[in-house]
Amino acid sequence: MVTFYGESFSSRLILGSALYPSPDIFQRSVKAAGAEIVTVSLRREGARERAGQQFWSLVQSLGLRVLPNTAGCRTPKEAIATAMMARELFETPWIKLEVIANDDTLQPDLFGLVEAAATLTREGFKVFPYTTEDLSAAERLLAAGCELLMPWGSPIGSGQGLNNPSGLKTLRGYFPEVPLVIDAGLGAPSHAAAAMELGYDAVLLNTAVAKAGDPQKMAVAFAGAVEAGRAAFEAGLMPRRDMAVPSTSVAGTPFFEFGNAS
Amino acid sequence: MKIMVNGQPQETGARNLAELCAALGYGDAKIATAVNGDFVPAASRAETALAREDRVEIVAPRQGG
């Protein structure tokens, strides 16, 4: 089980709800993955459009926990106002807080993130901050009231996997008790397994499943990878070695004293 | 008077945010609102007066990652 702000979940795979070919494929993918939490967002909508209303009905019918995001916000002020609109729309204090610094990398603005996180926590939000593996930012976010961290694997939508495994490992080591979720950049199930093998508590992804040729099948693949990675972490991975070490006993090897003479 | 709604110019006679949402036809749609960058809760729309050049945001649930 993984616990976020006092609530426990059996699935460690959090799925985004965007970019699917159809609402039906989204629904089937989420079910196939066994996901219990999906991310959602909000956007401008004209009175005659009813896309938002239909989407909201679908999400409600799935009985899932929703994690609204502040995607696209570039300043703490925008992110705070968006979070407040999201809280009212989705009726949850959970917020995936994104304050974006750069349009090309979609990397978090860590300074703006900490500022917005502090304000939102004071306002009663339960903040899921989209951050990097930076330790100082992590300290500040926790001091601001965040009870978990969501460092990126690599830039959003890039599918590059874990660009800084060493930094992510260090973050895990520094904060053994804090729930850590890899958010963004995972492209293949092996990336998700690698994140879980590092001891991360969960992964959050969207594009890799939604844009797969068969999203439902890819959702199953990711779910399996997350379970395998987690089981491997709990089982304890063997230490890496620079040189070969025979697994079969050397003692008793036939022809042992013959040496290499031909 | 002229205001901006979701980034588009809008001519309206609505005196407050609740009147504007009704006049635009949102009815009982699931929406959230902001005026000039600040969130306005649903319960406060009727008492949120609108003025020329105000920038209103009206948002609805949407798919997101």
# chains A, B, ... in the order shown; residues from 1 in each chain; ligands from 1
$ residues_around --residues "Leu19 in chain A" --least-positions-apart "3" --cutoff "9 Å" --atoms "only C-alpha atoms" --output "list in words"
Gly16, Ser22, Phe26, Asn206, Thr207, Ala210 and Lys211 of chain A; Gln63, Gly64 and Gly65 of chain B
$ write_last_selection --atoms "N, CA and C atoms" --output "mmCIF file, in the first residue's frame"
data_model
loop_
_atom_site.group_PDB
_atom_site.id
_atom_site.type_symbol
_atom_site.label_atom_id
_atom_site.label_comp_id
_atom_site.auth_asym_id
_atom_site.auth_seq_id
_atom_site.Cartn_x
_atom_site.Cartn_y
_atom_site.Cartn_z
ATOM 1 N N GLY A 16 -2.544 9.852 -16.103
ATOM 2 C CA GLY A 16 -3.146 11.076 -16.618
ATOM 3 C C GLY A 16 -4.347 10.722 -17.474
ATOM 4 N N SER A 22 -9.995 8.187 -27.363
ATOM 5 C CA SER A 22 -11.430 8.359 -27.087
ATOM 6 C C SER A 22 -11.668 8.186 -25.588
ATOM 7 N N PHE A 26 -9.806 5.605 -22.850
ATOM 8 C CA PHE A 26 -9.305 6.106 -21.563
ATOM 9 C C PHE A 26 -9.855 5.246 -20.422
ATOM 10 N N ASN A 206 1.287 9.674 -18.368
ATOM 11 C CA ASN A 206 0.133 9.924 -19.222
ATOM 12 C C ASN A 206 0.422 9.550 -20.679
ATOM 13 N N THR A 207 1.354 10.289 -21.293
ATOM 14 C CA THR A 207 1.568 10.155 -22.733
ATOM 15 C C THR A 207 1.940 8.730 -23.145
ATOM 16 N N ALA A 210 -1.342 6.844 -23.174
ATOM 17 C CA ALA A 210 -2.396 7.425 -24.023
ATOM 18 C C ALA A 210 -2.023 7.406 -25.499
ATOM 19 N N LYS A 211 -0.740 7.583 -25.817
ATOM 20 C CA LYS A 211 -0.312 7.668 -27.212
ATOM 21 C C LYS A 211 0.259 6.350 -27.739
ATOM 22 N N GLN B 63 -9.499 17.017 -19.475
ATOM 23 C CA GLN B 63 -8.487 15.968 -19.348
ATOM 24 C C GLN B 63 -7.127 16.610 -19.046
ATOM 25 N N GLY B 64 -6.317 15.948 -18.233
ATOM 26 C CA GLY B 64 -5.009 16.520 -17.923
ATOM 27 C C GLY B 64 -4.023 15.467 -17.466
ATOM 28 N N GLY B 65 -2.740 15.772 -17.571
ATOM 29 C CA GLY B 65 -1.683 14.820 -17.223
ATOM 30 C C GLY B 65 -0.988 15.146 -15.925
#
$ closest_atom_pairs --of "chain B" --to "chain A" --cutoff "10 Å" --atoms "only C-alpha atoms" --output "JSON lines"
{"residue": "B:Val5", "atom": "CA", "partner": "A:Gly46", "partner_atom": "CA", "distance": 9.2}
{"residue": "B:Asn6", "atom": "CA", "partner": "A:Arg44", "partner_atom": "CA", "distance": 6.2}
{"residue": "B:Gly7", "atom": "CA", "partner": "A:Arg44", "partner_atom": "CA", "distance": 9.2}
{"residue": "B:Cys21", "atom": "CA", "partner": "A:Ala47", "partner_atom": "CA", "distance": 8.4}
{"residue": "B:Ala22", "atom": "CA", "partner": "A:Ala47", "partner_atom": "CA", "distance": 9.4}
{"residue": "B:Ala23", "atom": "CA", "partner": "A:Ala47", "partner_atom": "CA", "distance": 9.7}
{"residue": "B:Leu24", "atom": "CA", "partner": "A:Ala47", "partner_atom": "CA", "distance": 6.2}
{"residue": "B:Gly25", "atom": "CA", "partner": "A:Ala47", "partner_atom": "CA", "distance": 5.5}
{"residue": "B:Tyr26", "atom": "CA", "partner": "A:Ala47", "partner_atom": "CA", "distance": 4.8}
{"residue": "B:Gly27", "atom": "CA", "partner": "A:Ala47", "partner_atom": "CA", "distance": 8.3}
{"residue": "B:Ala29", "atom": "CA", "partner": "A:Gln53", "partner_atom": "CA", "distance": 6.9}
{"residue": "B:Lys30", "atom": "CA", "partner": "A:Gln53", "partner_atom": "CA", "distance": 6.3}
{"residue": "B:Ile31", "atom": "CA", "partner": "A:Leu89", "partner_atom": "CA", "distance": 6.4}
{"residue": "B:Ala32", "atom": "CA", "partner": "A:Met85", "partner_atom": "CA", "distance": 5.3}
{"residue": "B:Thr33", "atom": "CA", "partner": "A:Met85", "partner_atom": "CA", "distance": 6.7}
{"residue": "B:Ala34", "atom": "CA", "partner": "A:Ala81", "partner_atom": "CA", "distance": 7.5}
{"residue": "B:Val35", "atom": "CA", "partner": "A:Ala81", "partner_atom": "CA", "distance": 9.9}
{"residue": "B:Gly37", "atom": "CA", "partner": "A:Ala81", "partner_atom": "CA", "distance": 6.9}
{"residue": "B:Asp38", "atom": "CA", "partner": "A:Ala81", "partner_atom": "CA", "distance": 5.8}
{"residue": "B:Phe39", "atom": "CA", "partner": "A:Ala81", "partner_atom": "CA", "distance": 5.2}
{"residue": "B:Val40", "atom": "CA", "partner": "A:Met85", "partner_atom": "CA", "distance": 8.1}
{"residue": "B:Pro41", "atom": "CA", "partner": "A:Glu88", "partner_atom": "CA", "distance": 7.4}
{"residue": "B:Ala42", "atom": "CA", "partner": "A:Glu88", "partner_atom": "CA", "distance": 8.2}
{"residue": "B:Glu57", "atom": "CA", "partner": "A:Arg44", "partner_atom": "CA", "distance": 6.9}
{"residue": "B:Ile58", "atom": "CA", "partner": "A:Arg44", "partner_atom": "CA", "distance": 5.7}
{"residue": "B:Val59", "atom": "CA", "partner": "A:Arg44", "partner_atom": "CA", "distance": 4.2}
{"residue": "B:Ala60", "atom": "CA", "partner": "A:Gly52", "partner_atom": "CA", "distance": 5.2}
{"residue": "B:Pro61", "atom": "CA", "partner": "A:Leu42", "partner_atom": "CA", "distance": 4.5}
{"residue": "B:Arg62", "atom": "CA", "partner": "A:Leu42", "partner_atom": "CA", "distance": 4.7}
{"residue": "B:Gln63", "atom": "CA", "partner": "A:Ala18", "partner_atom": "CA", "distance": 4.6}
{"residue": "B:Gly64", "atom": "CA", "partner": "A:Val40", "partner_atom": "CA", "distance": 4.3}
{"residue": "B:Gly65", "atom": "CA", "partner": "A:Gly16", "partner_atom": "CA", "distance": 4.1}
$ atom_distance --atom1 "CA of Ala244 in chain A" --atom2 "CA of His191 in chain A"
25.6 Å
$ residues_around --residues "Ala137 in chain A" --least-positions-apart "2" --cutoff "12 Å" --atoms "only C-alpha atoms" --output "list in words"
Pro108, Asp109, Leu110, Phe111, Gly112, Leu113, Val114, Glu115, Ala117, Pro129, Tyr130, Thr131, Thr132, Glu133, Asp134, Leu135, Glu139, Arg140, Leu141, Leu142, Ala143, Ala144, Cys146, Leu149, Met150, Pro151 and Leu171 of chain A
$ residues_around --residues "Ala14 in chain B" --least-positions-apart "5" --cutoff "9 Å" --atoms "only C-alpha atoms" --output "ChimeraX atom specification"
/B:1,19-21,23,49-50
$ write_last_selection --atoms "C-alpha atoms" --output "compact mmCIF listing (two decimals), in the first residue's frame"
# COMPACT_ATOMS: atom_id res chain seq x y z
CA MET B 1 -19.75 47.72 -21.21
CA GLU B 19 -25.54 37.64 -14.00
CA LEU B 20 -22.80 37.32 -16.58
CA CYS B 21 -22.63 33.51 -16.27
CA ALA B 23 -26.55 35.70 -19.53
CA ALA B 49 -19.52 43.47 -9.34
CA LEU B 50 -18.10 43.76 -12.84
$ closest_residue --among "B:Asn36, B:Glu53, B:Thr48, B:Asp28" --to "Asn16 in chain B" --atoms "only C-alpha atoms"
B:Thr48
$ residues_around --residues "Gln8 in chain B" --least-positions-apart "4" --cutoff "10 Å" --atoms "only C-alpha atoms" --output "JSON, numbers by chain"
{"B": [3, 4, 55, 56]}
$ write_last_selection --atoms "N, CA and C atoms" --output "CSV table (one decimal), in the first residue's frame"
chain,number,residue,atom,x,y,z
B,3,ILE,N,-16.0,43.9,-21.6
B,3,ILE,CA,-15.1,43.1,-20.7
B,3,ILE,C,-14.5,42.0,-21.5
B,4,MET,N,-13.5,41.3,-20.9
B,4,MET,CA,-12.9,40.2,-21.6
B,4,MET,C,-13.4,38.9,-20.9
B,55,ARG,N,-11.3,41.3,-16.6
B,55,ARG,CA,-10.9,40.0,-17.3
B,55,ARG,C,-11.5,38.8,-16.5
B,56,VAL,N,-12.4,38.2,-17.2
B,56,VAL,CA,-13.1,37.1,-16.5
B,56,VAL,C,-12.7,35.7,-17.1
$ select_by_dssp --residues "range 23-211 of chain A" --states "helix (DSSP H, G or I)" --output "PyMOL selection string"
chain A and resi 23-33+51-62+76-90+110-122+135-143+165-174+189-197+207-210
$ residues_around --residues "Leu180 in chain A" --least-positions-apart "2" --cutoff "9 Å" --atoms "only C-alpha atoms" --output "PyMOL selection string"
chain A and resi 148-151+171-172+175-178+182+199-203
$ write_last_selection --atoms "all heavy atoms" --output "compact mmCIF listing (two decimals), in the first residue's frame"
# COMPACT_ATOMS: atom_id res chain seq x y z
N LEU A 148 4.54 15.04 0.48
CA LEU A 148 5.12 14.14 -0.51
C LEU A 148 5.77 14.98 -1.61
O LEU A 148 5.54 16.19 -1.69
CB LEU A 148 4.05 13.21 -1.10
CG LEU A 148 2.86 13.86 -1.79
CD1 LEU A 148 3.17 14.16 -3.25
CD2 LEU A 148 1.65 12.93 -1.72
N LEU A 149 6.57 14.33 -2.43
CA LEU A 149 7.27 15.05 -3.51
C LEU A 149 7.09 14.27 -4.81
O LEU A 149 7.06 13.04 -4.80
CB LEU A 149 8.76 15.17 -3.19
CG LEU A 149 9.13 15.92 -1.90
CD1 LEU A 149 10.62 15.73 -1.60
CD2 LEU A 149 8.81 17.41 -2.03
N MET A 150 7.02 15.02 -5.91
CA MET A 150 6.90 14.36 -7.21
C MET A 150 7.98 14.90 -8.16
O MET A 150 7.71 15.78 -8.99
CB MET A 150 5.51 14.59 -7.80
CG MET A 150 4.39 14.06 -6.91
SD MET A 150 2.96 13.51 -7.85
CE MET A 150 2.43 15.04 -8.61
N PRO A 151 9.21 14.34 -8.04
CA PRO A 151 10.26 14.76 -8.96
C PRO A 151 10.03 14.21 -10.37
O PRO A 151 9.47 13.12 -10.53
CB PRO A 151 11.52 14.16 -8.34
CG PRO A 151 11.04 12.96 -7.60
CD PRO A 151 9.67 13.33 -7.08
N LEU A 171 17.92 11.55 -3.66
CA LEU A 171 16.69 12.10 -3.08
C LEU A 171 15.97 11.04 -2.24
O LEU A 171 15.52 11.31 -1.12
CB LEU A 171 15.77 12.60 -4.21
CG LEU A 171 14.49 13.30 -3.76
CD1 LEU A 171 14.79 14.68 -3.16
CD2 LEU A 171 13.53 13.46 -4.94
N ARG A 172 15.90 9.83 -2.80
CA ARG A 172 15.27 8.72 -2.07
C ARG A 172 15.99 8.47 -0.75
O ARG A 172 15.38 8.31 0.31
CB ARG A 172 15.27 7.46 -2.94
CG ARG A 172 14.69 6.20 -2.32
CD ARG A 172 13.19 6.20 -2.14
NE ARG A 172 12.74 7.04 -1.03
CZ ARG A 172 11.46 7.22 -0.73
NH1 ARG A 172 10.50 6.65 -1.43
NH2 ARG A 172 11.12 7.99 0.29
N PHE A 175 15.35 11.26 1.97
CA PHE A 175 14.00 11.37 2.53
C PHE A 175 13.32 10.00 2.54
O PHE A 175 12.34 9.76 1.81
CB PHE A 175 13.16 12.37 1.72
CG PHE A 175 13.79 13.74 1.66
CD1 PHE A 175 14.42 14.17 0.50
CD2 PHE A 175 13.76 14.58 2.77
CE1 PHE A 175 15.02 15.42 0.46
CE2 PHE A 175 14.35 15.84 2.72
CZ PHE A 175 14.98 16.26 1.56
N PRO A 176 13.86 9.08 3.38
CA PRO A 176 13.35 7.70 3.34
C PRO A 176 11.88 7.58 3.72
O PRO A 176 11.21 6.63 3.30
CB PRO A 176 14.25 6.96 4.33
CG PRO A 176 14.85 8.02 5.19
CD PRO A 176 14.93 9.26 4.37
N GLU A 177 11.37 8.53 4.51
CA GLU A 177 10.00 8.41 5.01
C GLU A 177 8.98 9.18 4.17
O GLU A 177 7.78 9.07 4.38
CB GLU A 177 9.92 8.91 6.46
CG GLU A 177 10.88 8.23 7.43
CD GLU A 177 10.67 6.73 7.52
OE1 GLU A 177 9.52 6.27 7.32
OE2 GLU A 177 11.65 6.00 7.76
N VAL A 178 9.46 10.01 3.24
CA VAL A 178 8.54 10.86 2.47
C VAL A 178 8.06 10.11 1.23
O VAL A 178 8.88 9.59 0.47
CB VAL A 178 9.26 12.16 2.04
CG1 VAL A 178 8.34 13.03 1.17
CG2 VAL A 178 9.73 12.94 3.26
N ILE A 182 7.56 9.46 -9.04
CA ILE A 182 8.17 9.95 -10.27
C ILE A 182 7.05 10.44 -11.18
O ILE A 182 6.13 9.68 -11.54
CB ILE A 182 8.98 8.86 -11.00
CG1 ILE A 182 10.20 8.47 -10.19
CG2 ILE A 182 9.40 9.34 -12.40
CD1 ILE A 182 11.30 9.50 -10.12
N GLY A 199 13.20 2.54 -5.30
CA GLY A 199 12.49 2.71 -4.03
C GLY A 199 11.44 3.81 -4.07
O GLY A 199 10.91 4.20 -3.03
N TYR A 200 11.14 4.31 -5.27
CA TYR A 200 10.08 5.31 -5.35
C TYR A 200 8.73 4.66 -5.04
O TYR A 200 8.55 3.46 -5.28
CB TYR A 200 10.10 6.00 -6.72
CG TYR A 200 11.13 7.13 -6.69
CD1 TYR A 200 12.48 6.85 -6.66
CD2 TYR A 200 10.72 8.44 -6.56
CE1 TYR A 200 13.42 7.86 -6.53
CE2 TYR A 200 11.65 9.47 -6.43
CZ TYR A 200 13.00 9.18 -6.42
OH TYR A 200 13.91 10.18 -6.28
N ASP A 201 7.84 5.44 -4.48
CA ASP A 201 6.59 4.87 -3.99
C ASP A 201 5.54 4.67 -5.07
O ASP A 201 4.62 3.86 -4.90
CB ASP A 201 6.03 5.78 -2.89
CG ASP A 201 6.95 5.80 -1.69
OD1 ASP A 201 6.91 4.85 -0.90
OD2 ASP A 201 7.77 6.73 -1.57
N ALA A 202 5.63 5.47 -6.13
CA ALA A 202 4.64 5.37 -7.21
C ALA A 202 5.18 6.11 -8.43
O ALA A 202 6.20 6.82 -8.35
CB ALA A 202 3.31 5.99 -6.77
N VAL A 203 4.52 5.93 -9.55
CA VAL A 203 4.84 6.70 -10.75
C VAL A 203 3.55 7.30 -11.31
O VAL A 203 2.46 6.75 -11.13
CB VAL A 203 5.54 5.85 -11.85
CG1 VAL A 203 6.85 5.28 -11.34
CG2 VAL A 203 4.63 4.75 -12.36
$ select_by_dssp --residues "chain B" --states "strand (DSSP E)" --output "PyMOL selection string"
chain B and resi 2-5+8-11+32-35+38-40+55-63
